[in-house]
>>> print(open('protein_30.cif').read())   # mmCIF, C-alpha atoms
data_upload
#
loop_
_atom_site.label_atom_id
_atom_site.label_comp_id
_atom_site.auth_asym_id
_atom_site.auth_seq_id
_atom_site.Cartn_x
_atom_site.Cartn_y
_atom_site.Cartn_z
CA MET A 20 82.35 -23.27 206.02
CA THR A 21 83.59 -20.04 207.64
CA SER A 22 86.03 -17.76 205.83
CA GLN A 23 89.35 -16.94 207.44
CA LEU A 24 91.35 -13.73 207.18
CA THR A 25 94.53 -14.18 205.13
CA VAL A 26 97.31 -11.64 205.60
CA SER A 27 100.40 -11.10 203.47
CA THR A 28 103.05 -8.71 204.79
CA GLY A 29 106.25 -7.08 203.65
CA GLN A 30 108.51 -4.64 205.45
CA HIS A 31 111.37 -2.41 204.34
CA THR A 32 112.94 0.83 205.47
CA ASP A 33 115.98 2.84 204.42
CA LYS A 34 117.74 5.81 206.01
CA GLY A 35 118.02 7.57 202.66
CA ALA A 36 120.31 10.59 202.70
CA LYS A 37 120.25 10.84 206.49
CA PRO A 38 123.13 9.48 208.59
CA VAL A 39 120.68 7.67 210.89
CA ASN A 40 117.47 5.84 210.04
CA GLN A 41 114.76 7.62 212.06
CA ASP A 42 111.99 5.26 210.90
CA PHE A 43 110.79 2.24 212.81
CA HIS A 44 108.04 -0.26 212.09
CA GLY A 45 106.71 -3.52 213.46
CA LEU A 46 104.05 -6.18 213.07
CA VAL A 47 102.44 -8.69 215.45
CA ILE A 48 100.33 -11.64 214.29
CA PRO A 49 99.33 -13.34 217.56
CA ASP A 50 98.26 -16.92 217.98
CA SER A 51 94.66 -17.88 218.65
CA PRO A 52 92.64 -16.82 220.63
CA GLN A 53 94.43 -13.45 220.78
CA SER A 54 94.21 -13.06 217.03
CA GLY A 55 90.43 -13.17 217.26
CA ILE A 56 90.18 -11.03 220.39
CA LYS A 57 92.78 -8.35 219.67
CA GLY A 58 93.50 -8.81 215.97
CA ILE A 59 96.69 -8.20 214.01
CA ALA A 60 98.60 -4.97 214.69
CA VAL A 61 100.94 -3.03 212.42
CA ALA A 62 102.70 0.21 213.40
CA ILE A 63 105.04 2.63 211.66
CA ALA A 64 106.75 5.72 213.07
CA ASP A 65 108.97 8.43 211.61
CA GLY A 66 111.20 10.65 213.73
CA ILE A 67 111.47 14.36 213.06
CA SER A 68 114.65 15.36 211.22
CA SER A 69 115.43 18.27 213.56
CA SER A 70 116.01 15.91 216.48
CA ASN A 71 119.02 13.69 217.17
CA VAL A 72 116.98 11.39 219.42
CA SER A 73 113.83 11.00 217.35
CA GLN A 74 114.89 7.51 216.20
CA ILE A 75 114.61 6.50 219.87
CA ALA A 76 111.13 8.00 219.96
CA SER A 77 110.12 6.04 216.84
CA GLU A 78 111.36 2.72 218.19
CA SER A 79 109.80 3.34 221.60
CA ALA A 80 106.44 4.32 220.11
CA VAL A 81 106.17 1.26 217.88
CA ALA A 82 107.57 -1.28 220.34
CA GLY A 83 105.56 0.21 223.20
CA PHE A 84 102.31 0.00 221.29
CA LEU A 85 102.81 -3.55 220.01
CA ASN A 86 103.69 -4.77 223.50
CA ASP A 87 101.13 -2.87 225.55
CA TYR A 88 98.16 -3.21 223.20
CA TYR A 89 98.05 -6.98 223.70
CA ALA A 90 98.34 -6.53 227.45
CA THR A 91 95.08 -4.56 227.72
CA PRO A 92 91.97 -6.32 229.08
CA ASN A 93 90.16 -8.53 226.57
CA SER A 94 86.89 -6.83 227.48
CA TRP A 95 88.12 -3.52 226.05
CA SER A 96 87.30 -2.57 222.49
CA VAL A 97 90.03 -2.10 219.88
CA LYS A 98 89.47 1.64 219.98
CA GLN A 99 89.63 1.88 223.77
CA SER A 100 92.71 -0.33 224.05
CA ALA A 101 94.68 1.43 221.32
CA GLN A 102 93.84 4.95 222.44
CA ARG A 103 94.76 4.20 226.06
CA VAL A 104 98.13 2.80 224.99
CA LEU A 105 98.85 5.63 222.54
CA ARG A 106 98.06 8.32 225.09
CA ALA A 107 100.30 6.65 227.68
CA THR A 108 103.10 6.36 225.12
CA ASN A 109 102.71 10.02 224.16
CA ALA A 110 102.91 11.09 227.80
CA TRP A 111 106.06 9.00 228.29
CA LEU A 112 107.78 10.51 225.24
CA HIS A 113 106.88 14.03 226.32
CA ALA A 114 108.24 13.32 229.81
CA GLN A 115 111.51 12.08 228.30
CA THR A 116 111.95 15.42 226.54
CA ARG A 117 111.04 17.38 229.66
CA GLN A 118 113.68 15.47 231.64
CA SER A 119 116.39 15.90 229.01
CA ARG A 120 118.54 18.80 227.88
CA TYR A 121 116.01 19.38 225.09
CA ARG A 122 113.23 20.40 227.48
CA TYR A 123 113.22 23.98 226.15
CA ASP A 124 113.38 22.93 222.49
CA GLN A 125 110.77 20.30 221.70
CA ASP A 126 111.82 20.21 218.03
CA ARG A 127 114.98 18.46 219.23
CA GLY A 128 113.21 16.15 221.67
CA TYR A 129 111.63 12.70 221.63
CA VAL A 130 109.06 13.38 218.93
CA CYS A 131 107.82 11.18 216.08
CA THR A 132 104.82 10.43 213.91
CA LEU A 133 102.88 7.20 214.46
CA SER A 134 100.35 5.36 212.33
CA VAL A 135 98.77 2.12 213.53
CA LEU A 136 96.58 -0.43 211.78
CA VAL A 137 94.70 -3.12 213.71
CA LEU A 138 92.99 -5.82 211.64
CA LYS A 139 90.23 -7.59 213.53
CA SER A 140 87.69 -9.76 211.77
CA ALA A 141 86.77 -7.87 208.57
CA THR A 142 87.47 -4.42 209.98
CA ALA A 143 90.62 -2.31 209.81
CA HIS A 144 91.02 0.10 212.74
CA LEU A 145 93.33 3.04 211.98
CA PHE A 146 95.00 5.30 214.57
CA HIS A 147 97.06 8.16 213.26
CA VAL A 148 99.21 11.04 214.52
CA GLY A 149 101.52 12.98 212.20
CA ASP A 150 102.16 12.68 208.48
CA ALA A 151 103.14 9.05 207.93
CA ARG A 152 100.43 7.60 205.69
CA ILE A 153 98.21 4.56 205.44
CA TYR A 154 96.79 3.70 202.02
CA ARG A 155 94.19 1.22 200.81
CA LEU A 156 94.90 -0.55 197.53
CA GLN A 157 91.85 -1.88 195.66
CA GLY A 158 92.59 -3.14 192.18
CA ASN A 159 94.52 -0.34 190.50
CA SER A 160 93.17 2.34 192.85
CA LEU A 161 95.24 3.73 195.72
CA GLU A 162 93.33 5.66 198.40
CA GLN A 163 94.96 7.60 201.23
CA LEU A 164 93.05 6.84 204.44
CA THR A 165 94.94 9.16 206.80
CA THR A 166 95.24 12.94 206.93
CA ASP A 167 98.63 14.66 207.12
CA HIS A 168 98.96 16.68 210.31
CA ARG A 169 101.23 19.23 208.71
CA VAL A 170 100.88 22.99 208.34
CA TRP A 171 102.45 24.70 205.35
CA LEU A 172 103.99 28.04 206.27
CA SER A 173 105.00 28.75 202.66
CA ARG A 174 105.53 26.81 199.46
CA GLU A 175 108.83 25.49 200.79
CA ASP A 176 108.42 25.47 204.58
CA SER A 177 106.10 23.34 206.68
CA CYS A 178 105.90 21.87 210.17
CA LEU A 179 104.06 19.14 212.02
CA ASN A 180 101.15 20.42 214.07
CA ARG A 181 100.50 17.04 215.67
CA ALA A 182 102.97 14.32 216.68
CA MET A 183 103.73 11.82 219.43
CA GLY A 184 105.61 13.47 222.30
CA LEU A 185 105.07 16.99 221.00
CA SER A 186 102.85 17.93 223.97
CA GLN A 187 101.52 16.27 227.10
CA GLN A 188 98.16 15.55 225.45
CA VAL A 189 97.67 14.11 221.97
CA ASP A 190 94.71 14.13 219.61
CA ILE A 191 94.50 10.79 217.79
CA ASP A 192 92.68 10.36 214.48
CA TYR A 193 90.56 7.19 214.40
CA LEU A 194 88.96 5.51 211.41
CA ALA A 195 87.35 2.11 210.96
CA ALA A 196 87.10 0.65 207.48
CA GLY A 197 85.82 -2.75 206.41
CA ASP A 198 82.90 -4.96 205.51
CA ASP A 199 81.28 -5.32 208.94
CA LEU A 200 80.91 -1.66 209.90
CA ASP A 201 77.02 -1.91 209.85
CA HIS A 202 76.46 -4.62 213.21
CA PRO A 203 79.60 -3.48 215.66
CA ALA A 204 81.64 -5.97 217.78
CA LEU A 205 80.02 -6.95 221.07
CA SER A 206 82.91 -5.61 223.12
CA GLU A 207 82.69 -2.18 221.46
CA PHE A 208 78.89 -2.14 221.83
CA LEU A 209 79.16 -2.89 225.55
CA PHE A 210 81.84 -0.22 225.96
CA ASP A 211 79.58 2.41 224.35
CA LEU A 212 76.75 1.40 226.67
CA ARG A 213 78.90 1.75 229.77
CA GLN A 214 80.52 5.01 228.66
CA PRO A 215 78.08 7.06 226.54
CA ASN A 216 79.47 9.48 224.01
CA PRO A 217 79.99 12.91 225.69
CA GLN A 218 78.65 14.64 222.57
CA TRP A 219 75.38 12.70 222.90
CA GLN A 220 75.16 13.66 226.56
CA ARG A 221 75.62 17.35 225.75
CA HIS A 222 72.68 17.31 223.34
CA HIS A 223 70.29 15.39 225.60
CA GLN A 224 68.94 16.99 228.76
CA LYS A 225 68.87 15.07 232.00
CA PRO A 226 65.42 14.14 233.31
CA LEU A 227 63.68 16.62 235.61
CA MET A 228 64.22 14.33 238.62
CA GLU A 229 68.01 14.73 238.20
CA ARG A 230 68.01 18.40 237.25
CA HIS A 231 65.53 19.63 239.94
CA PRO A 232 64.77 16.85 242.44
CA VAL A 233 62.90 19.12 244.88
CA ALA A 234 60.62 20.50 242.18
CA PHE A 235 60.06 16.97 240.86
CA TRP A 236 58.89 15.60 244.21
CA GLN A 237 56.79 18.70 244.90
CA GLY A 238 55.04 18.16 241.58
CA MET A 239 54.52 14.47 242.36
CA SER A 240 53.03 15.33 245.76
CA ALA A 241 50.65 17.82 244.17
CA LEU A 242 49.48 15.23 241.64
CA LEU A 243 48.93 12.66 244.39
CA LEU A 244 46.91 15.20 246.40
CA LEU A 245 44.72 15.96 243.38
CA ALA A 246 44.20 12.23 242.78
CA LEU A 247 43.23 11.75 246.44
CA LEU A 248 40.73 14.64 246.36
CA ALA A 249 39.26 13.29 243.15
CA SER A 250 38.73 9.89 244.73
CA PHE A 251 36.86 11.49 247.67
CA ALA A 252 34.65 13.41 245.24
CA TRP A 253 33.64 10.24 243.39
CA HIS A 254 33.01 8.29 246.63
CA PRO A 255 31.03 10.56 249.06
#
>>> encode(input="protein_30.cif", output="structure tokens")
Amino acid sequence: MTSQLTVSTGQHTDKGAKPVNQDFHGLVIPDSPQSGIKGIAVAIADGISSSNVSQIASESAVAGFLNDYYATPNSWSVKQSAQRVLRATNAWLHAQTRQSRYRYDQDRGYVCTLSVLVLKSATAHLFHVGDARIYRLQGNSLEQLTTDHRVWLSREDSCLNRAMGLSQQVDIDYLAAGDDLDHPALSEFLFDLRQPNPQWQRHHQKPLMERHPVAFWQGMSALLLLALLASFAWHP
């Protein structure tokens, strides 16, 4: 009898002392077979307090991810699908700021944090930009799985050094946590085969035939000539 993933969810947000709630969150539990192919997705975003339009950025980031992630090809891995969607969303938010009256003041533009959790099989895939947090609760232990992308200028003052829409390009933290991290999903394995890690490529030299094709064939010709002369010597 196969075990089945059981998920319990709860959602709540409050504007607090602010006049407008700049948070936004969402959850999608798709029907089969999408639940097995893409998994369950949860996203939470927090707009920056210096902006009057950051609540729009938060809603757009969460809604955009939850819609577009499930529209990616089924052959893509979770990591590839999520990162493609997040980078496209970041570019869209940055373009909105550039086209608005806030184009010279990005702290007042369409900027927000975004943390995403995708549950597929027994693995949790985390994608994170900013200082919203994802925790893991095990028994009575609470573990923070994400890193705050915030720089402290003094004991009182700090600022985000990474957020959605802050710049044209975004660096996304990725973490996978779960029970099946030792034999990876077939889709992710195939993706790694088709697109090798650039870091691996930098540390492994190309074969001589690719680096110096002329020298390679000259060497092969010389070896063939030596083999031919050797055969004549053994058969007078």
>>> resolve_selection(input="protein_30.cif", expression="the PyMOL selection byres ((chain A and resi 58) around 8)", output="mmCIF file with C-alpha atoms, in the coordinates of the input")
data_model
loop_
_atom_site.group_PDB
_atom_site.id
_atom_site.type_symbol
_atom_site.label_atom_id
_atom_site.label_comp_id
_atom_site.auth_asym_id
_atom_site.auth_seq_id
_atom_site.Cartn_x
_atom_site.Cartn_y
_atom_site.Cartn_z
ATOM 1 C CA ILE A 48 100.330 -11.640 214.290
ATOM 2 C CA PRO A 49 99.330 -13.340 217.560
ATOM 3 C CA GLN A 53 94.430 -13.450 220.780
ATOM 4 C CA SER A 54 94.210 -13.060 217.030
ATOM 5 C CA GLY A 55 90.430 -13.170 217.260
ATOM 6 C CA ILE A 56 90.180 -11.030 220.390
ATOM 7 C CA LYS A 57 92.780 -8.350 219.670
ATOM 8 C CA ILE A 59 96.690 -8.200 214.010
ATOM 9 C CA ALA A 60 98.600 -4.970 214.690
ATOM 10 C CA VAL A 137 94.700 -3.120 213.710
ATOM 11 C CA LEU A 138 92.990 -5.820 211.640
ATOM 12 C CA LYS A 139 90.230 -7.590 213.530
ATOM 13 C CA SER A 140 87.690 -9.760 211.770
#
>>> residues_near_point(input="protein_30.cif", point="(110.5, 12.1, 226.3)", cutoff="10 Å", atoms="only C-alpha atoms", output="PyMOL selection string")
chain A and resi 72-73+75-76+79+108-119+121-122+125+128-130+183-187
>>> write_last_selection(input="protein_30.cif", atoms="C-alpha atoms", output="tab-separated table (two decimals), keeping the file's coordinate frame")
chain	number	residue	atom	x	y	z
A	72	VAL	CA	116.98	11.39	219.42
A	73	SER	CA	113.83	11.00	217.35
A	75	ILE	CA	114.61	6.50	219.87
A	76	ALA	CA	111.13	8.00	219.96
A	79	SER	CA	109.80	3.34	221.60
A	108	THR	CA	103.10	6.36	225.12
A	109	ASN	CA	102.71	10.02	224.16
A	110	ALA	CA	102.91	11.09	227.80
A	111	TRP	CA	106.06	9.00	228.29
A	112	LEU	CA	107.78	10.51	225.24
A	113	HIS	CA	106.88	14.03	226.32
A	114	ALA	CA	108.24	13.32	229.81
A	115	GLN	CA	111.51	12.08	228.30
A	116	THR	CA	111.95	15.42	226.54
A	117	ARG	CA	111.04	17.38	229.66
A	118	GLN	CA	113.68	15.47	231.64
A	119	SER	CA	116.39	15.90	229.01
A	121	TYR	CA	116.01	19.38	225.09
A	122	ARG	CA	113.23	20.40	227.48
A	125	GLN	CA	110.77	20.30	221.70
A	128	GLY	CA	113.21	16.15	221.67
A	129	TYR	CA	111.63	12.70	221.63
A	130	VAL	CA	109.06	13.38	218.93
A	183	MET	CA	103.73	11.82	219.43
A	184	GLY	CA	105.61	13.47	222.30
A	185	LEU	CA	105.07	16.99	221.00
A	186	SER	CA	102.85	17.93	223.97
A	187	GLN	CA	101.52	16.27	227.10
>>> closest_residue(input="protein_30.cif", among="A:Val189, A:Ala141, A:Cys131, A:Ala182", to="Ser77 in chain A", atoms="only C-alpha atoms")
A:Cys131
>>> atom_distance(input="protein_30.cif", atom1="CA of Ser51 in chain A", atom2="CA of Arg103 in chain A")
23.3 Å
>>> residues_near_point(input="protein_30.cif", point="(107.6, -1.1, 210.6)", cutoff="7 Å", atoms="only C-alpha atoms", output="list in words")
Gln30, Phe43, His44, Gly45, Leu46, Ala62 and Ile63 of chain A
>>> residues_around(input="protein_30.cif", residues="Lys37 in chain A", least_positions_apart="5", cutoff="12 Å", atoms="all atoms listed in the file", output="PDB file with C-alpha atoms, in the frame of the given file")
ATOM      1  CA  ASP A  42     111.990   5.260 210.900  1.00  0.00           C
ATOM      2  CA  GLY A  66     111.200  10.650 213.730  1.00  0.00           C
ATOM      3  CA  ILE A  67     111.470  14.360 213.060  1.00  0.00           C
ATOM      4  CA  SER A  68     114.650  15.360 211.220  1.00  0.00           C
ATOM      5  CA  SER A  69     115.430  18.270 213.560  1.00  0.00           C
ATOM      6  CA  SER A  70     116.010  15.910 216.480  1.00  0.00           C
ATOM      7  CA  ASN A  71     119.020  13.690 217.170  1.00  0.00           C
ATOM      8  CA  GLN A  74     114.890   7.510 216.200  1.00  0.00           C
TER       9      GLN A  74
END
>>> residues_around(input="protein_30.cif", residues="range 166-171 of chain A", least_positions_apart="2", cutoff="8 Å", atoms="only C-alpha atoms", output="JSON, numbers by chain")
{"A": [148, 149, 150, 151, 152, 163, 164, 173, 174, 175, 176, 177, 178, 179, 180, 181, 182]}
>>> write_last_selection(input="protein_30.cif", atoms="C-alpha atoms", output="PDB file, in the coordinates of the input")
ATOM      1  CA  VAL A 148      99.210  11.040 214.520  1.00  0.00           C
ATOM      2  CA  GLY A 149     101.520  12.980 212.200  1.00  0.00           C
ATOM      3  CA  ASP A 150     102.160  12.680 208.480  1.00  0.00           C
ATOM      4  CA  ALA A 151     103.140   9.050 207.930  1.00  0.00           C
ATOM      5  CA  ARG A 152     100.430   7.600 205.690  1.00  0.00           C
ATOM      6  CA  GLN A 163      94.960   7.600 201.230  1.00  0.00           C
ATOM      7  CA  LEU A 164      93.050   6.840 204.440  1.00  0.00           C
ATOM      8  CA  SER A 173     105.000  28.750 202.660  1.00  0.00           C
ATOM      9  CA  ARG A 174     105.530  26.810 199.460  1.00  0.00           C
ATOM     10  CA  GLU A 175     108.830  25.490 200.790  1.00  0.00           C
ATOM     11  CA  ASP A 176     108.420  25.470 204.580  1.00  0.00           C
ATOM     12  CA  SER A 177     106.100  23.340 206.680  1.00  0.00           C
ATOM     13  CA  CYS A 178     105.900  21.870 210.170  1.00  0.00           C
ATOM     14  CA  LEU A 179     104.060  19.140 212.020  1.00  0.00           C
ATOM     15  CA  ASN A 180     101.150  20.420 214.070  1.00  0.00           C
ATOM     16  CA  ARG A 181     100.500  17.040 215.670  1.00  0.00           C
ATOM     17  CA  ALA A 182     102.970  14.320 216.680  1.00  0.00           C
TER      18      ALA A 182
END
>>> resolve_selection(input="protein_30.cif", expression="the PyMOL selection byres ((chain A and resi 85) around 9)", output="ChimeraX atom specification")
/A:45-47,60-62,80-84,86-89
>>> write_last_selection(input="protein_30.cif", atoms="C-alpha atoms", output="mmCIF file, in the frame of the given file")
data_model
loop_
_atom_site.group_PDB
_atom_site.id
_atom_site.type_symbol
_atom_site.label_atom_id
_atom_site.label_comp_id
_atom_site.auth_asym_id
_atom_site.auth_seq_id
_atom_site.Cartn_x
_atom_site.Cartn_y
_atom_site.Cartn_z
ATOM 1 C CA GLY A 45 106.710 -3.520 213.460
ATOM 2 C CA LEU A 46 104.050 -6.180 213.070
ATOM 3 C CA VAL A 47 102.440 -8.690 215.450
ATOM 4 C CA ALA A 60 98.600 -4.970 214.690
ATOM 5 C CA VAL A 61 100.940 -3.030 212.420
ATOM 6 C CA ALA A 62 102.700 0.210 213.400
ATOM 7 C CA ALA A 80 106.440 4.320 220.110
ATOM 8 C CA VAL A 81 106.170 1.260 217.880
ATOM 9 C CA ALA A 82 107.570 -1.280 220.340
ATOM 10 C CA GLY A 83 105.560 0.210 223.200
ATOM 11 C CA PHE A 84 102.310 0.000 221.290
ATOM 12 C CA ASN A 86 103.690 -4.770 223.500
ATOM 13 C CA ASP A 87 101.130 -2.870 225.550
ATOM 14 C CA TYR A 88 98.160 -3.210 223.200
ATOM 15 C CA TYR A 89 98.050 -6.980 223.700
#
>>> atom_distance(input="protein_30.cif", atom1="CA of Val26 in chain A", atom2="CA of Leu194 in chain A")
19.9 Å
>>> closest_residue(input="protein_30.cif", among="A:Tyr123, A:Tyr193, A:Phe146, A:Trp95", to="Ala64 in chain A", atoms="only C-alpha atoms")
A:Phe146
>>> atom_distance(input="protein_30.cif", atom1="CA of His144 in chain A", atom2="CA of Ala101 in chain A")
9.4 Å
